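input.tsv follows; it contains TSV, C-alpha atoms.
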chain	number	residue	atom	x	y	z
S	1	MET	CA	-17.18	15.17	18.60
S	2	ALA	CA	-19.12	13.10	16.06
S	3	LEU	CA	-18.03	9.45	16.15
S	4	ILE	CA	-18.68	7.29	13.12
S	5	ARG	CA	-18.02	3.55	13.01
S	6	ILE	CA	-16.49	1.99	9.89
S	7	PRO	CA	-15.02	-1.49	9.23
S	8	GLY	CA	-11.39	-2.31	9.91
S	9	LEU	CA	-9.43	-1.00	6.94
S	10	VAL	CA	-7.17	-2.99	4.62
S	11	ASP	CA	-3.94	-1.59	3.20
S	12	PRO	CA	-2.93	-3.74	0.22
S	13	HIS	CA	0.52	-2.20	-0.23
S	14	VAL	CA	3.05	-1.70	2.57
S	15	HIS	CA	6.79	-2.23	3.11
S	16	LEU	CA	7.36	-3.18	6.74
S	17	ARG	CA	11.13	-3.70	6.18
S	18	ASP	CA	11.18	-6.81	8.34
S	19	PRO	CA	13.37	-8.80	7.97
S	20	GLY	CA	16.34	-7.08	6.39
S	21	ALA	CA	16.00	-3.38	7.25
S	22	THR	CA	14.50	-3.22	10.72
S	23	HIS	CA	16.38	0.00	11.52
S	24	LYS	CA	13.72	1.67	9.31
S	25	GLU	CA	10.65	-0.24	10.51
S	26	ASP	CA	9.80	-3.64	11.95
S	27	PHE	CA	6.71	-5.77	12.38
S	28	ILE	CA	5.93	-4.32	15.82
S	29	THR	CA	6.31	-0.63	15.01
S	30	GLY	CA	4.76	-0.95	11.56
S	31	THR	CA	1.66	-2.72	12.82
S	32	GLN	CA	1.33	-0.25	15.70
S	33	ALA	CA	1.36	2.52	13.10
S	34	ALA	CA	-1.26	0.60	11.14
S	35	LEU	CA	-3.64	0.39	14.10
S	36	ALA	CA	-3.14	4.07	14.88
S	37	GLY	CA	-4.10	4.75	11.28
S	38	GLY	CA	-7.23	2.58	11.33
S	39	PHE	CA	-5.83	-0.43	9.47
S	40	THR	CA	-6.48	-3.90	10.85
S	41	THR	CA	-5.03	-5.81	7.87
S	42	LEU	CA	-1.82	-5.12	5.93
S	43	LEU	CA	-0.43	-6.82	2.83
S	44	ASP	CA	3.36	-6.57	2.81
S	45	MET	CA	5.49	-6.38	-0.33
S	46	PRO	CA	8.35	-8.80	-1.15
S	47	ASN	CA	11.33	-6.52	-1.89
S	48	ASN	CA	13.05	-7.03	1.47
S	49	PRO	CA	16.65	-5.77	1.28
S	50	GLY	CA	19.09	-8.67	1.18
S	51	ASP	CA	16.41	-11.35	1.38
S	52	SER	CA	13.74	-10.64	-1.23
S	53	ILE	CA	10.76	-12.96	-1.00
S	54	VAL	CA	11.46	-14.85	-4.22
S	55	SER	CA	11.85	-18.37	-2.83
S	56	PRO	CA	9.82	-20.62	-0.53
S	57	GLY	CA	12.66	-20.44	1.98
S	58	ALA	CA	12.65	-16.65	2.09
S	59	LEU	CA	8.88	-16.65	2.53
S	60	SER	CA	9.16	-19.15	5.36
S	61	ARG	CA	11.79	-17.01	7.09
S	62	LYS	CA	9.53	-13.98	6.82
S	63	ILE	CA	6.54	-15.81	8.26
S	64	THR	CA	8.71	-17.01	11.15
S	65	ALA	CA	10.03	-13.49	11.77
S	66	ALA	CA	6.47	-12.20	12.09
S	67	GLU	CA	5.36	-14.75	14.69
S	68	GLY	CA	4.25	-13.06	17.91
S	69	ARG	CA	5.19	-9.59	16.64
S	70	LEU	CA	2.05	-8.38	14.89
S	71	MET	CA	-0.36	-5.85	16.38
S	72	CYS	CA	-2.70	-6.21	13.40
S	73	ASP	CA	-3.11	-8.95	10.79
S	74	VAL	CA	-0.42	-9.12	8.09
S	75	GLY	CA	-0.21	-11.11	4.89
S	76	PHE	CA	2.54	-11.31	2.28
S	77	PHE	CA	3.15	-11.12	-1.45
S	78	TYR	CA	5.62	-13.23	-3.42
S	79	GLY	CA	8.17	-11.54	-5.68
S	80	ALA	CA	8.43	-12.18	-9.42
S	81	SER	CA	11.85	-13.22	-10.67
S	82	PRO	CA	13.10	-14.75	-13.93
S	83	ASP	CA	14.33	-17.75	-11.95
S	84	ASN	CA	11.50	-18.71	-9.60
S	85	LEU	CA	8.55	-19.63	-11.83
S	86	ASP	CA	8.88	-23.29	-10.86
S	87	THR	CA	8.29	-22.41	-7.19
S	88	TYR	CA	4.82	-20.87	-7.60
S	89	SER	CA	2.94	-24.02	-6.60
S	90	GLU	CA	4.85	-24.11	-3.30
S	91	VAL	CA	3.79	-20.64	-2.16
S	92	THR	CA	0.38	-19.81	-3.63
S	93	ARG	CA	-1.50	-20.98	-0.52
S	94	ASP	CA	0.47	-18.64	1.72
S	95	VAL	CA	0.54	-15.39	-0.30
S	96	PHE	CA	-2.03	-12.88	-1.49
S	97	GLY	CA	-0.51	-12.49	-4.92
S	98	LEU	CA	2.61	-12.04	-7.00
S	99	LYS	CA	4.35	-8.65	-7.25
S	100	MET	CA	6.12	-7.89	-10.53
S	101	TYR	CA	8.43	-4.85	-10.67
S	102	LEU	CA	8.82	-3.38	-14.15
S	103	ASP	CA	10.41	-0.05	-13.21
S	104	HIS	CA	13.32	0.88	-10.97
S	105	THR	CA	12.46	0.71	-7.29
S	106	THR	CA	13.95	-0.28	-3.93
S	107	GLY	CA	15.63	-3.68	-4.15
S	108	ASP	CA	16.80	-5.86	-7.04
S	109	LEU	CA	13.54	-7.27	-8.44
S	110	ASN	CA	13.23	-5.08	-11.54
S	111	ILE	CA	12.42	-7.13	-14.68
S	112	GLU	CA	12.94	-5.65	-18.15
S	113	ASP	CA	12.89	-8.59	-20.59
S	114	LEU	CA	9.56	-8.70	-22.45
S	115	ALA	CA	9.60	-12.47	-22.95
S	116	THR	CA	10.18	-13.00	-19.22
S	117	ILE	CA	7.36	-10.63	-18.32
S	118	ARG	CA	4.95	-12.47	-20.60
S	119	ARG	CA	6.07	-15.86	-19.29
S	120	ILE	CA	5.46	-14.75	-15.70
S	121	MET	CA	2.00	-13.46	-16.62
S	122	LEU	CA	1.17	-16.79	-18.26
S	123	THR	CA	2.57	-18.93	-15.43
S	124	TRP	CA	1.21	-17.28	-12.27
S	125	PRO	CA	-2.18	-18.88	-11.44
S	126	LEU	CA	-5.17	-17.04	-12.87
S	127	SER	CA	-6.98	-17.35	-9.53
S	128	LYS	CA	-4.32	-15.32	-7.71
S	129	PRO	CA	-3.84	-11.54	-8.10
S	130	LEU	CA	-0.85	-10.30	-10.09
S	131	CYS	CA	0.27	-6.89	-8.83
S	132	VAL	CA	2.43	-4.76	-11.11
S	133	HIS	CA	4.71	-1.79	-10.50
S	134	ALA	CA	4.53	-0.21	-13.94
S	135	GLU	CA	4.88	3.44	-14.92
S	136	GLY	CA	3.97	5.17	-18.16
S	137	ARG	CA	5.19	3.10	-21.09
S	138	THR	CA	5.53	-0.09	-19.08
S	139	LEU	CA	1.95	0.23	-17.86
S	140	ALA	CA	0.82	0.61	-21.48
S	141	MET	CA	2.91	-2.45	-22.38
S	142	VAL	CA	1.22	-4.57	-19.70
S	143	LEU	CA	-2.21	-3.49	-20.90
S	144	GLY	CA	-1.19	-4.49	-24.41
S	145	LEU	CA	-0.24	-7.97	-23.19
S	146	LEU	CA	-3.52	-8.72	-21.42
S	147	PRO	CA	-5.46	-10.10	-24.42
S	148	SER	CA	-2.49	-12.35	-25.24
S	149	VAL	CA	-2.02	-13.76	-21.74
S	150	GLY	CA	-5.71	-13.98	-20.85
S	151	ARG	CA	-5.46	-12.75	-17.29
S	152	GLY	CA	-6.08	-9.71	-15.11
S	153	VAL	CA	-3.62	-7.45	-13.31
S	154	HIS	CA	-3.66	-4.98	-10.44
S	155	PHE	CA	-1.68	-1.79	-11.03
S	156	CYS	CA	0.03	-0.41	-7.94
S	157	HIS	CA	0.36	3.30	-7.04
S	158	VAL	CA	-0.94	4.86	-10.28
S	159	SER	CA	0.37	8.43	-10.39
S	160	GLN	CA	0.10	9.93	-13.88
S	161	GLN	CA	-2.76	11.36	-15.89
S	162	VAL	CA	-1.95	9.18	-18.89
S	163	GLU	CA	-1.91	6.06	-16.69
S	164	ILE	CA	-5.37	6.61	-15.23
S	165	GLU	CA	-6.69	7.44	-18.70
S	166	LEU	CA	-5.26	4.18	-20.06
S	167	ILE	CA	-6.79	2.25	-17.18
S	168	ARG	CA	-10.18	3.88	-17.72
S	169	ASP	CA	-10.04	2.91	-21.38
S	170	ALA	CA	-9.03	-0.66	-20.49
S	171	LYS	CA	-11.93	-1.01	-18.06
S	172	GLU	CA	-14.39	0.38	-20.60
S	173	ARG	CA	-13.15	-2.28	-23.04
S	174	GLY	CA	-13.80	-4.96	-20.46
S	175	LEU	CA	-10.20	-5.84	-19.60
S	176	PRO	CA	-9.79	-7.36	-16.11
S	177	VAL	CA	-7.87	-4.51	-14.49
S	178	THR	CA	-7.86	-2.98	-11.01
S	179	CYS	CA	-5.70	-0.18	-9.65
S	180	GLU	CA	-4.73	1.75	-6.55
S	181	VAL	CA	-3.67	5.32	-5.82
S	182	SER	CA	-1.59	6.52	-2.85
S	183	PRO	CA	-2.46	9.65	-0.84
S	184	HIS	CA	0.94	11.23	-1.50
S	185	HIS	CA	0.15	11.22	-5.22
S	186	LEU	CA	-3.19	12.86	-4.48
S	187	TYR	CA	-1.85	15.60	-2.22
S	188	LEU	CA	1.71	16.34	-3.32
S	189	THR	CA	3.28	17.39	-6.64
S	190	GLU	CA	6.78	17.95	-7.96
S	191	ASP	CA	6.34	21.60	-6.90
S	192	ASP	CA	6.68	20.37	-3.30
S	193	LEU	CA	10.16	18.91	-3.91
S	194	PRO	CA	12.14	22.10	-3.17
S	195	ARG	CA	10.49	22.14	0.27
S	196	LEU	CA	10.59	18.39	0.93
S	197	GLU	CA	14.02	17.70	-0.61
S	198	GLY	CA	14.87	14.03	0.07
S	199	PHE	CA	11.64	13.50	1.97
S	200	GLY	CA	9.77	13.84	-1.31
S	201	VAL	CA	11.83	11.25	-3.19
S	202	MET	CA	9.66	8.25	-4.04
S	203	LYS	CA	8.76	5.78	-6.77
S	204	PRO	CA	6.70	6.51	-8.73
S	205	PRO	CA	7.91	10.10	-8.42
S	206	LEU	CA	5.63	12.98	-7.57
S	207	GLY	CA	3.72	14.14	-10.62
S	208	ARG	CA	2.66	17.49	-11.94
S	209	GLY	CA	-0.41	19.45	-10.97
S	210	TYR	CA	-2.42	18.10	-13.88
S	211	ASP	CA	-1.58	14.52	-12.80
S	212	VAL	CA	-3.01	15.18	-9.34
S	213	ASP	CA	-6.09	16.83	-10.83
S	214	ALA	CA	-6.61	13.84	-13.13
S	215	LEU	CA	-6.38	11.36	-10.25
S	216	TRP	CA	-8.97	13.23	-8.20
S	217	ALA	CA	-11.23	13.52	-11.24
S	218	SER	CA	-10.89	9.77	-11.88
S	219	LEU	CA	-11.68	8.35	-8.46
S	220	ASP	CA	-14.51	6.46	-10.13
S	221	VAL	CA	-11.81	4.46	-11.93
S	222	VAL	CA	-9.67	3.92	-8.82
S	223	ASP	CA	-10.41	0.69	-6.97
S	224	MET	CA	-8.33	1.20	-3.84
S	225	ILE	CA	-6.39	3.69	-1.76
S	226	ALA	CA	-3.05	2.14	-0.74
S	227	THR	CA	-0.46	3.88	1.40
S	228	ASP	CA	2.67	2.32	-0.16
S	229	HIS	CA	4.08	2.83	3.34
S	230	ALA	CA	7.83	2.78	2.68
S	231	PRO	CA	9.77	4.18	5.67
S	232	HIS	CA	13.42	5.21	5.69
S	233	THR	CA	15.43	6.86	8.44
S	234	LEU	CA	15.94	10.60	8.75
S	235	VAL	CA	19.65	10.15	8.11
S	236	GLU	CA	18.98	8.22	4.91
S	237	LYS	CA	16.48	10.73	3.57
S	238	LYS	CA	18.79	13.65	4.37
S	239	GLY	CA	21.70	11.99	2.58
S	240	GLN	CA	23.14	12.75	-0.81
S	241	HIS	CA	21.23	9.88	-2.44
S	242	PRO	CA	17.96	9.51	-0.51
S	243	PRO	CA	16.19	6.18	-1.03
S	244	PHE	CA	12.73	5.97	-2.55
S	245	GLY	CA	9.71	5.97	-0.29
S	246	VAL	CA	7.64	7.75	2.35
S	247	PRO	CA	5.64	6.51	5.37
S	248	GLY	CA	1.86	6.70	5.13
S	249	LEU	CA	0.01	4.36	7.47
S	250	GLU	CA	-0.89	7.04	10.01
S	251	THR	CA	-1.71	9.86	7.60
S	252	SER	CA	-3.78	8.09	4.93
S	253	VAL	CA	-7.13	8.09	6.74
S	254	PRO	CA	-6.94	11.72	7.95
S	255	LEU	CA	-6.03	12.84	4.43
S	256	MET	CA	-8.90	10.90	2.87
S	257	LEU	CA	-11.33	12.06	5.56
S	258	THR	CA	-10.27	15.59	4.71
S	259	ALA	CA	-11.24	14.87	1.12
S	260	VAL	CA	-14.63	13.70	2.40
S	261	HIS	CA	-14.97	16.93	4.39
S	262	ARG	CA	-14.20	18.92	1.21
S	263	GLY	CA	-16.77	17.01	-0.83
S	264	ARG	CA	-14.29	15.23	-3.09
S	265	LEU	CA	-15.69	11.81	-2.20
S	266	SER	CA	-18.25	10.30	0.13
S	267	LEU	CA	-17.54	8.35	3.29
S	268	ASP	CA	-19.17	5.31	1.68
S	269	ARG	CA	-16.75	5.60	-1.25
S	270	LEU	CA	-13.81	5.86	1.17
S	271	VAL	CA	-14.91	2.64	2.87
S	272	GLU	CA	-15.33	0.95	-0.51
S	273	MET	CA	-11.77	1.84	-1.54
S	274	MET	CA	-10.11	1.19	1.82
S	275	HIS	CA	-12.02	-1.89	2.99
S	276	ALA	CA	-14.44	-3.54	0.56
S	277	ALA	CA	-12.36	-3.44	-2.64
S	278	PRO	CA	-9.08	-4.78	-1.22
S	279	HIS	CA	-11.05	-7.43	0.68
S	280	ARG	CA	-12.84	-8.45	-2.52
S	281	VAL	CA	-9.79	-8.42	-4.83
S	282	PHE	CA	-7.27	-10.02	-2.47
S	283	HIS	CA	-9.64	-12.28	-0.52
S	284	THR	CA	-8.56	-11.05	2.89
S	285	GLU	CA	-10.01	-12.78	5.93
S	286	VAL	CA	-13.16	-11.38	7.51
S	287	GLN	CA	-12.33	-10.15	11.02
S	288	PRO	CA	-15.31	-10.57	13.35
S	289	GLU	CA	-16.13	-7.82	15.86
S	290	THR	CA	-13.64	-5.49	14.17
S	291	TYR	CA	-14.30	-1.82	13.54
S	292	VAL	CA	-12.77	1.65	13.59
S	293	GLU	CA	-14.29	4.73	15.19
S	294	ILE	CA	-13.48	8.06	13.59
S	295	ASP	CA	-14.19	11.63	14.59
S	296	ASP	CA	-14.99	13.29	11.27
S	297	THR	CA	-15.15	16.78	12.80
S	298	ARG	CA	-11.73	17.04	14.44
S	299	HIS	CA	-9.48	19.73	12.97
S	300	TRP	CA	-5.77	19.19	13.61
S	301	ASN	CA	-2.32	19.39	12.03
S	302	ILE	CA	-0.31	16.30	11.14
S	303	ALA	CA	2.86	16.12	13.25
S	304	SER	CA	5.74	13.68	13.31
S	305	ASP	CA	6.19	13.78	17.08
S	306	ASN	CA	3.17	11.54	17.72
S	307	LEU	CA	3.79	8.88	15.08
S	308	TYR	CA	4.31	5.19	15.85
S	309	THR	CA	6.32	4.43	12.73
S	310	LYS	CA	9.97	3.89	13.61
S	311	CYS	CA	11.18	6.34	10.96
S	312	GLY	CA	9.52	9.20	12.87
S	313	TRP	CA	8.72	11.61	10.03
S	314	THR	CA	6.07	12.36	7.44
S	315	PRO	CA	6.04	14.37	4.20
S	316	PHE	CA	2.75	15.88	5.43
S	317	GLU	CA	4.31	17.58	8.46
S	318	GLY	CA	2.14	20.52	9.54
S	319	MET	CA	-0.66	19.87	7.03
S	320	PRO	CA	-4.12	20.74	8.41
S	321	VAL	CA	-6.61	17.87	8.21
S	322	VAL	CA	-10.19	17.18	9.27
S	323	GLY	CA	-10.96	13.77	10.74
S	324	ALA	CA	-9.09	11.35	12.99
S	325	VAL	CA	-9.05	7.74	14.14
S	326	THR	CA	-10.12	7.61	17.78
S	327	CYS	CA	-10.69	3.92	18.60
S	328	VAL	CA	-9.99	0.57	16.96
S	329	THR	CA	-11.46	-2.78	18.01
S	330	LEU	CA	-9.89	-5.96	16.61
S	331	ARG	CA	-11.79	-9.22	17.12
S	332	GLY	CA	-13.62	-7.71	20.07
S	333	GLU	CA	-10.52	-6.33	21.78
S	334	THR	CA	-9.96	-2.58	22.03
S	335	VAL	CA	-6.47	-1.93	20.65
S	336	VAL	CA	-6.64	1.84	20.10
S	337	GLN	CA	-8.31	4.15	22.62
S	338	ASP	CA	-8.52	7.94	22.27
S	339	GLY	CA	-6.14	7.79	19.32
S	340	ARG	CA	-3.38	5.91	21.18
S	341	VAL	CA	-2.35	2.29	20.67
S	342	LEU	CA	-2.84	0.40	23.91
S	343	PRO	CA	0.15	-1.49	25.42
S	344	LEU	CA	-1.44	-4.92	24.98
S	345	PRO	CA	0.01	-8.26	23.91
S	346	THR	CA	0.17	-8.56	20.13
S	347	ALA	CA	-3.37	-8.89	18.83
S	348	GLY	CA	-2.60	-9.57	15.17
S	349	CYS	CA	-1.61	-12.69	13.28
S	350	PHE	CA	-0.11	-13.89	10.03
S	351	THR	CA	-2.97	-14.25	7.59
S	352	ARG	CA	-3.57	-16.15	4.35
S	353	PRO	CA	-6.13	-15.52	1.62
S	354	VAL	CA	-9.45	-17.24	2.19
S	355	ALA	CA	-9.84	-18.25	-1.46
Conversion result in structure tokens:
Amino acid sequence: MALIRIPGLVDPHVHLRDPGATHKEDFITGTQAALAGGFTTLLDMPNNPGDSIVSPGALSRKITAAEGRLMCDVGFFYGASPDNLDTYSEVTRDVFGLKMYLDHTTGDLNIEDLATIRRIMLTWPLSKPLCVHAEGRTLAMVLGLLPSVGRGVHFCHVSQQVEIELIRDAKERGLPVTCEVSPHHLYLTEDDLPRLEGFGVMKPPLGRGYDVDALWASLDVVDMIATDHAPHTLVEKKGQHPPFGVPGLETSVPLMLTAVHRGRLSLDRLVEMMHAAPHRVFHTEVQPETYVEIDDTRHWNIASDNLYTKCGWTPFEGMPVVGAVTCVTLRGETVVQDGRVLPLPTAGCFTRPVA
């Protein structure tokens, strides 16, 4: 065993389903999964079923629901809506950014009107991140708006070759753009769908082989690795119309450590994308005496029977990986020992941006 210590990791894109869909995941199980995966801070998205976080009241209810139920630190995003621009000043202190959905996804927050999109981009404070779900043409449209609106954006879960090429071009032209890529878009393609069936249904959808190759070849353009942890039950994913999303909190680090083992990136680059960059972009709180120990030599196969996520499955079932989280210390308290989350009182807290 070769133990290496790295900082507590930050996942800037998760869906903990609490409140509104706690049969899929809740704050307790989701943050347990996070710790098992090496994450000590999560940023949770606003598209809660039935109670999307698009009003100060909904945000307040979500903060209250999280009280005393967090194993790691969790912060929230606010949801963009045509009708809530006048509420921004009431929530900016409590959220890490605004999430704008420009393509079909889980929930009812999709925005299609160009004038509304531009108005949102102009209204949300320049000092706060604006995260965008945009695919293909809509991503190109957002890039085209940036000189007009005079602000930066963060593109979530980039998955296509043309998208990463557009982002590279935008960065080379000096546009204020950051982006993230999810491990399932680095390791899976549409060729896996016959095997995965509903368990491979996600948004953005799995790409082609050349999309995956382009993402790996463009890691120098990618700012962050984000899991887009989006759990659904086995029954739902086996149904006739499986919902979008896959879990990822417990598999992201082993998959990226495997890439390190194969020489596709360095461990320093992994830490940059999974700790330093999200901390820098989203202004997450520094956690003193917090670190993760990994065994970068352990060979094992991913298996659903030892997951903490409530949904209890993974699209990477049986995949061989190299590297594992062994211990996690959060603010001086050991919360994961020998790869298992310890049965301690909740060690996490609701967190706000520090700037």
| message | Give me the residues near range 60-68 of chain S as a list in words, where near means some atom within 10 Å (using only C-alpha atoms) and where sequence neighbours in that chain fewer than 6 positions away do not count. | response | Asp18, Pro19, Gly20, Asp26, Phe27, Ile28, Pro46, Asn48, Asp51, Ser52, Ile53, Val74, Gly75, Phe76, Val91, Asp94, Pro345, Thr346, Ala347, Gly348, Cys349, Phe350 and Thr351 of chain S
Based on the selection just made, write C-alpha atoms of those residues as an mmCIF file, in the coordinates of the input.
data_model
loop_
_atom_site.group_PDB
_atom_site.id
_atom_site.type_symbol
_atom_site.label_atom_id
_atom_site.label_comp_id
_atom_site.auth_asym_id
_atom_site.auth_seq_id
_atom_site.Cartn_x
_atom_site.Cartn_y
_atom_site.Cartn_z
ATOM 1 C CA ASP S 18 11.180 -6.810 8.340
ATOM 2 C CA PRO S 19 13.370 -8.800 7.970
ATOM 3 C CA GLY S 20 16.340 -7.080 6.390
ATOM 4 C CA ASP S 26 9.800 -3.640 11.950
ATOM 5 C CA PHE S 27 6.710 -5.770 12.380
ATOM 6 C CA ILE S 28 5.930 -4.320 15.820
ATOM 7 C CA PRO S 46 8.350 -8.800 -1.150
ATOM 8 C CA ASN S 48 13.050 -7.030 1.470
ATOM 9 C CA ASP S 51 16.410 -11.350 1.380
ATOM 10 C CA SER S 52 13.740 -10.640 -1.230
ATOM 11 C CA ILE S 53 10.760 -12.960 -1.000
ATOM 12 C CA VAL S 74 -0.420 -9.120 8.090
ATOM 13 C CA GLY S 75 -0.210 -11.110 4.890
ATOM 14 C CA PHE S 76 2.540 -11.310 2.280
ATOM 15 C CA VAL S 91 3.790 -20.640 -2.160
ATOM 16 C CA ASP S 94 0.470 -18.640 1.720
ATOM 17 C CA PRO S 345 0.010 -8.260 23.910
ATOM 18 C CA THR S 346 0.170 -8.560 20.130
ATOM 19 C CA ALA S 347 -3.370 -8.890 18.830
ATOM 20 C CA GLY S 348 -2.600 -9.570 15.170
ATOM 21 C CA CYS S 349 -1.610 -12.690 13.280
ATOM 22 C CA PHE S 350 -0.110 -13.890 10.030
ATOM 23 C CA THR S 351 -2.970 -14.250 7.590
#
Non-local contacts of range 233-248 of chain S (6 Å; all atoms listed in the file; under 3 positions in same chain excluded) as a PDB file with C-alpha atoms, keeping the file's coordinate frame:
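For reference, selection-v8.pdb as written:
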ATOM      1  CA  LYS S  24      13.720   1.670   9.310  1.00  0.00           C
ATOM      2  CA  GLY S 198      14.870  14.030   0.070  1.00  0.00           C
ATOM      3  CA  PHE S 199      11.640  13.500   1.970  1.00  0.00           C
ATOM      4  CA  VAL S 201      11.830  11.250  -3.190  1.00  0.00           C
ATOM      5  CA  MET S 202       9.660   8.250  -4.040  1.00  0.00           C
ATOM      6  CA  LYS S 203       8.760   5.780  -6.770  1.00  0.00           C
ATOM      7  CA  THR S 227      -0.460   3.880   1.400  1.00  0.00           C
ATOM      8  CA  HIS S 229       4.080   2.830   3.340  1.00  0.00           C
ATOM      9  CA  ALA S 230       7.830   2.780   2.680  1.00  0.00           C
ATOM     10  CA  THR S 251      -1.710   9.860   7.600  1.00  0.00           C
ATOM     11  CA  SER S 252      -3.780   8.090   4.930  1.00  0.00           C
ATOM     12  CA  CYS S 311      11.180   6.340  10.960  1.00  0.00           C
TER      13      CYS S 311
END
| said: Every residue with an atom at most 12 Å from (-9.5, -0.4, -9.6) (file coordinates; only C-alpha atoms) is what I'm after, so could you write them as a ChimeraX atom specification? | reply: /S:131,152-158,164,167-168,170-171,175-181,218-226,272-274,276-278,280-281
| query | Out of S:Trp216, S:Tyr291, S:Tyr88, S:Phe96, which residue has the shortest atom-to-atom distance to Asp44 in chain S when counting all atoms listed in the file? | reply |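 Smallest separation from Asp44 in chain S among the options: S:Phe96.
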Give me, as a PDB file with C-alpha atoms, in the coordinates of the input, all polymer residues having an atom no more than 7 Å from range 253-265 of chain S, counting only C-alpha atoms and skipping those fewer than 4 positions away in the same chain.
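See result-v5.pdb below for the written result:
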ATOM      1  CA  GLY S  37      -4.100   4.750  11.280  1.00  0.00           C
ATOM      2  CA  ARG S 269     -16.750   5.600  -1.250  1.00  0.00           C
ATOM      3  CA  ASP S 296     -14.990  13.290  11.270  1.00  0.00           C
ATOM      4  CA  VAL S 321      -6.610  17.870   8.210  1.00  0.00           C
ATOM      5  CA  VAL S 322     -10.190  17.180   9.270  1.00  0.00           C
ATOM      6  CA  GLY S 323     -10.960  13.770  10.740  1.00  0.00           C
ATOM      7  CA  ALA S 324      -9.090  11.350  12.990  1.00  0.00           C
TER       8      ALA S 324
END
For range 179-184 of chain S, supply all heavy atoms and format the output as a compact mmCIF listing (two decimals), in the coordinates of the input.
# COMPACT_ATOMS: atom_id res chain seq x y z
N CYS S 179 -6.82 -1.08 -9.93
CA CYS S 179 -5.70 -0.18 -9.65
C CYS S 179 -5.86 0.48 -8.29
O CYS S 179 -6.95 0.50 -7.70
CB CYS S 179 -5.55 0.88 -10.74
SG CYS S 179 -6.85 2.14 -10.74
N GLU S 180 -4.76 1.02 -7.82
CA GLU S 180 -4.73 1.75 -6.55
C GLU S 180 -4.03 3.08 -6.73
O GLU S 180 -3.22 3.25 -7.65
CB GLU S 180 -3.99 0.93 -5.49
CG GLU S 180 -2.51 0.77 -5.79
CD GLU S 180 -1.77 -0.22 -4.92
OE1 GLU S 180 -2.32 -1.30 -4.64
OE2 GLU S 180 -0.63 0.08 -4.53
N VAL S 181 -4.33 4.02 -5.85
CA VAL S 181 -3.67 5.32 -5.82
C VAL S 181 -3.25 5.58 -4.38
O VAL S 181 -3.97 5.23 -3.43
CB VAL S 181 -4.59 6.44 -6.33
CG1 VAL S 181 -4.00 7.82 -6.06
CG2 VAL S 181 -4.84 6.28 -7.83
N SER S 182 -2.10 6.20 -4.19
CA SER S 182 -1.59 6.52 -2.85
C SER S 182 -1.87 7.98 -2.50
O SER S 182 -1.82 8.85 -3.38
CB SER S 182 -0.09 6.25 -2.78
OG SER S 182 0.19 4.88 -3.03
N PRO S 183 -2.15 8.27 -1.22
CA PRO S 183 -2.46 9.65 -0.84
C PRO S 183 -1.37 10.66 -1.19
O PRO S 183 -1.69 11.81 -1.51
CB PRO S 183 -2.65 9.54 0.68
CG PRO S 183 -3.17 8.16 0.88
CD PRO S 183 -2.40 7.32 -0.12
N HIS S 184 -0.09 10.25 -1.17
CA HIS S 184 0.94 11.23 -1.50
C HIS S 184 0.88 11.66 -2.96
O HIS S 184 1.31 12.76 -3.30
CB HIS S 184 2.35 10.73 -1.14
CG HIS S 184 2.65 9.33 -1.55
ND1 HIS S 184 2.52 8.27 -0.69
CD2 HIS S 184 3.09 8.81 -2.71
CE1 HIS S 184 2.87 7.15 -1.30
NE2 HIS S 184 3.23 7.45 -2.54
